[in-house]
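Working notes for the structure below.
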Amino acid sequence: MGGHGHDDDGSNPDAWVPRNPDVWRHGKWNQETPTDQLEEHGYVTPNDLFFVRSHHQVPIKADPKIEEIHTLQLAGPFIRKPTTFTLAELKTKFRNVDLWSCLVCSGHRRLELNLIEKGAGHIDWHNASGNAKWTGVLLRDVLAACDVDVDNARHCEFFGADDYQTSIPFAKCMDVSGDTLLAWAMNGEELPFDHGYPLRVVVPGWSSKCSSKWLTKISVQEFETEATMYHRYYKWFPKHIKGVSKHLDEVLATPPVTELNTNAVAFRPRNNEKAERGPLQMSGYCFTGGGRPVQKIEVSVDGGENWLICTRTREEKTPHGRFYAWALWEVSIPDFDPECHEELILRAFDISAQGMAAQHEWNLTGMMNNAYFRIKVKQVSPGNYVFQHPTTWMDPEKADVSVPLSLPHCVPGADAPRARL
């Protein structure tokens, strides 16, 4: 399902945009970072490898005078002082800040859900997350300069030059620790074309569908955006909804995706890596929603009876104590045995005990999948085993290379080896 192919030559309006050939392409406008590439680069996802979710072609090309010609309009019924800023004015009139934040598509890990039942999600994502340090100005500072009516404003709507529109609650924009950013730099470099050059919103801790690119206008208003995708697509629907038109009232009544949920993905062991008896090192990344700290990341090799607590090797917090970026983690399993351990189960929880789901929660548009990340141990020939990540063992065409796992000396209740806790 889905493709990792190149853009369609001859019909791609973005052919001029420089792109890394190592990424997985999804159609003309979207790209995904292979997990081994994420591991290789660690905490900072390189700009050219960072996942891309776009709804239209890149609308703005490079211009040496971009700081003077690109403008951002602040308007709406609750802006008492409507103002249009050039990019240069944003950079010089307001305090510049750096913000560590991952971005995560609402459809992160969607392919797993589509392998259960094909839904209406647009892209078969294995992994739609990247981690970066963003530079810009706080949206609340810009709104304050426009004399915003804080008592009556309820929503901020974002307009991009690509005609994409979305909105977030006004409270998220003005929260002193909410850190909604108007960003012009990514990992110390000018925003890449695919990532909103020259100006974008970064709404940390929320689905990246809120972080509009190629930003040209912000409206402060009473109601949410009227954009179709906001109301009919970017939602976590109940399982019984199998089509929008047949359940339109329920679809429109379902709240939009906002904050991220807690999720974790393993780098190691890699997909299809040989599984051998002895100490096993696991590693990966985790993120939470709303800036909440990670409470614990843990791994089980015995079906969830016992859990090993993972060590967090790097995480970044804001001055107000929010955690919007990845937490990298690792753990050592001292006595792994592929003949005894059928799967590695990874899960995580945030500080409010909100955690990953034990099983997949299928939904029509494939949003917010945070099922336990289960790595299966598959026997490919007598005495030879490999690790398989979810998008491999869940896919019959890929998982068929294995033969049934035999447990010759691991009888429940006998002397089966277990991870020491």
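Chain identifiers are assigned as A, B, and so on, following the order in which chains appear in the structure tokens; residues are numbered from 1 within each chain, and ligands are numbered from 1 in order of appearance.
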List the spatial neighbours of A:Glu40 as a list in words - criterion: any atom at most 12 Å away, only C-alpha atoms, same-chain residues fewer than 6 positions off excluded.
Thr33, Pro34, Pro46, Leu49, Phe267, Arg268, Arg270, Ser283 and Gly284 of chain A
Got a sec to tell me which of stretch 173-420 of chain A DSSP assigns to alpha helix (DSSP H), as number ranges by chain? A: 173-174, 228-232, 248-253, 390-393, 396-399
| request: Return as number ranges by chain the full set of residues in stretch 149-179 of chain A whose backbone-based DSSP assignment is strand (DSSP E). | output: A: 155-160, 165-169
Suppose we keep C-alpha atoms; can you now write the selection as a compact mmCIF listing (two decimals), in the first residue's frame?
```txt
# COMPACT_ATOMS: atom_id res chain seq x y z
CA HIS A 155 -10.07 31.35 17.35
CA CYS A 156 -7.13 32.24 15.11
CA GLU A 157 -7.40 31.21 11.49
CA PHE A 158 -4.24 30.76 9.43
CA PHE A 159 -4.08 31.34 5.68
CA GLY A 160 -1.25 30.01 3.53
CA GLN A 165 -6.62 27.13 5.82
CA THR A 166 -6.90 25.92 9.38
CA SER A 167 -7.49 27.37 12.83
CA ILE A 168 -6.63 26.84 16.48
CA PRO A 169 -8.19 28.18 19.67
```
Do you have, as CSV, the list of residues of stretch 74-166 of chain A lying at most 7 Å from stretch 310-332 of chain A, each with its nearest atom pair and that distance in Å to one decimal, counting only C-alpha atoms and ordered by chain then number?
```
residue,atom,partner,partner_atom,distance
A:Trp100,CA,A:Ala325,CA,5.6
A:Ser101,CA,A:Ala325,CA,4.0
A:Cys102,CA,A:Ala325,CA,4.6
A:Asn131,CA,A:Ala325,CA,6.3
```
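Minimum atom-to-atom distance to A:Met282, evaluated using only C-alpha atoms, belongs to A:Glu39 out of A:Asp179, A:Asp14, A:Glu67, A:Glu39.
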For this session: Mind checking which residues fall within 6 Å of stretch 83-85 of chain A, counting only C-alpha atoms, ignoring those fewer than 3 positions away in the same chain, and posting them as number ranges by chain?
Result: A: 71-74, 89
Now that the selection is made, can you save its residues with N, CA and C atoms as a short mmCIF file (atom, residue, chain, number, x, y, z; two decimals), in the first residue's frame?
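What landed in result.cif:
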```
data_model
loop_
_atom_site.label_atom_id
_atom_site.label_comp_id
_atom_site.auth_asym_id
_atom_site.auth_seq_id
_atom_site.Cartn_x
_atom_site.Cartn_y
_atom_site.Cartn_z
N THR A 71 4.72 39.52 3.20
CA THR A 71 3.99 40.20 4.27
C THR A 71 3.06 39.24 4.99
N LEU A 72 2.77 39.60 6.23
CA LEU A 72 1.80 38.88 7.05
C LEU A 72 0.74 39.86 7.52
N GLN A 73 -0.50 39.58 7.16
CA GLN A 73 -1.62 40.45 7.53
C GLN A 73 -2.28 39.93 8.80
N LEU A 74 -2.47 40.78 9.77
CA LEU A 74 -3.21 40.49 11.00
C LEU A 74 -4.53 41.25 10.93
N GLU A 89 10.16 43.22 9.31
CA GLU A 89 9.63 43.86 10.52
C GLU A 89 9.39 42.85 11.62
#
```
Shell around A:His195 at 12 Å using only C-alpha atoms, local window under 2 positions removed, as a PyMOL selection string: chain A and resi 17+19+29-31+47-55+57-60+103+130+132+134+160+162+183-187+189-193+197-202+208+211-215
Would you write out, as CSV, a table of all residues in stretch 206-238 of chain A that have an atom no more than 7 Å from an atom of stretch 352-363 of chain A, listing for each the closest atom pair and the distance in Å to one decimal, considering only C-alpha atoms and ordering rows by chain and rising residue number?
```
residue,atom,partner,partner_atom,distance
A:Trp236,CA,A:Asn363,CA,6.6
A:Phe237,CA,A:Asn363,CA,5.6
A:Pro238,CA,A:Asn363,CA,6.3
```
Practice task
Return the single residue from A:Gln379, A:Pro269, A:Lys235, A:Leu181 that is closest to A:Pro255, with distances computed using only C-alpha atoms.
Solution key: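 Looking at the shortest contact to A:Pro255, the residue is A:Lys235.
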Using only C-alpha atoms, the residue out of A:Glu259, A:Asp400, A:Asp335, A:Asp249 with shortest distance to A:Trp206 is A:Glu259
Using only C-alpha atoms, which of A:Met229, A:Gly291, A:Asp350, A:Tyr285 sits nearest A:Gly42?
->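 Among A:Met229, A:Gly291, A:Asp350, A:Tyr285, it is A:Tyr285 that comes nearest to A:Gly42.
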*Restricting the calculation to only C-alpha atoms, which member of A:Gly243, A:Gly27, A:Gly107, A:Gly303 is positioned closest to A:Ser207?*
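That would be A:Gly107, the residue with the smallest distance to A:Ser207.
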Here is a test: counting only C-alpha atoms, which residue of A:Tyr233, A:Phe336, A:Phe349, A:Phe170 is nearest to A:Phe78?
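The closest residue to A:Phe78 is A:Phe170.
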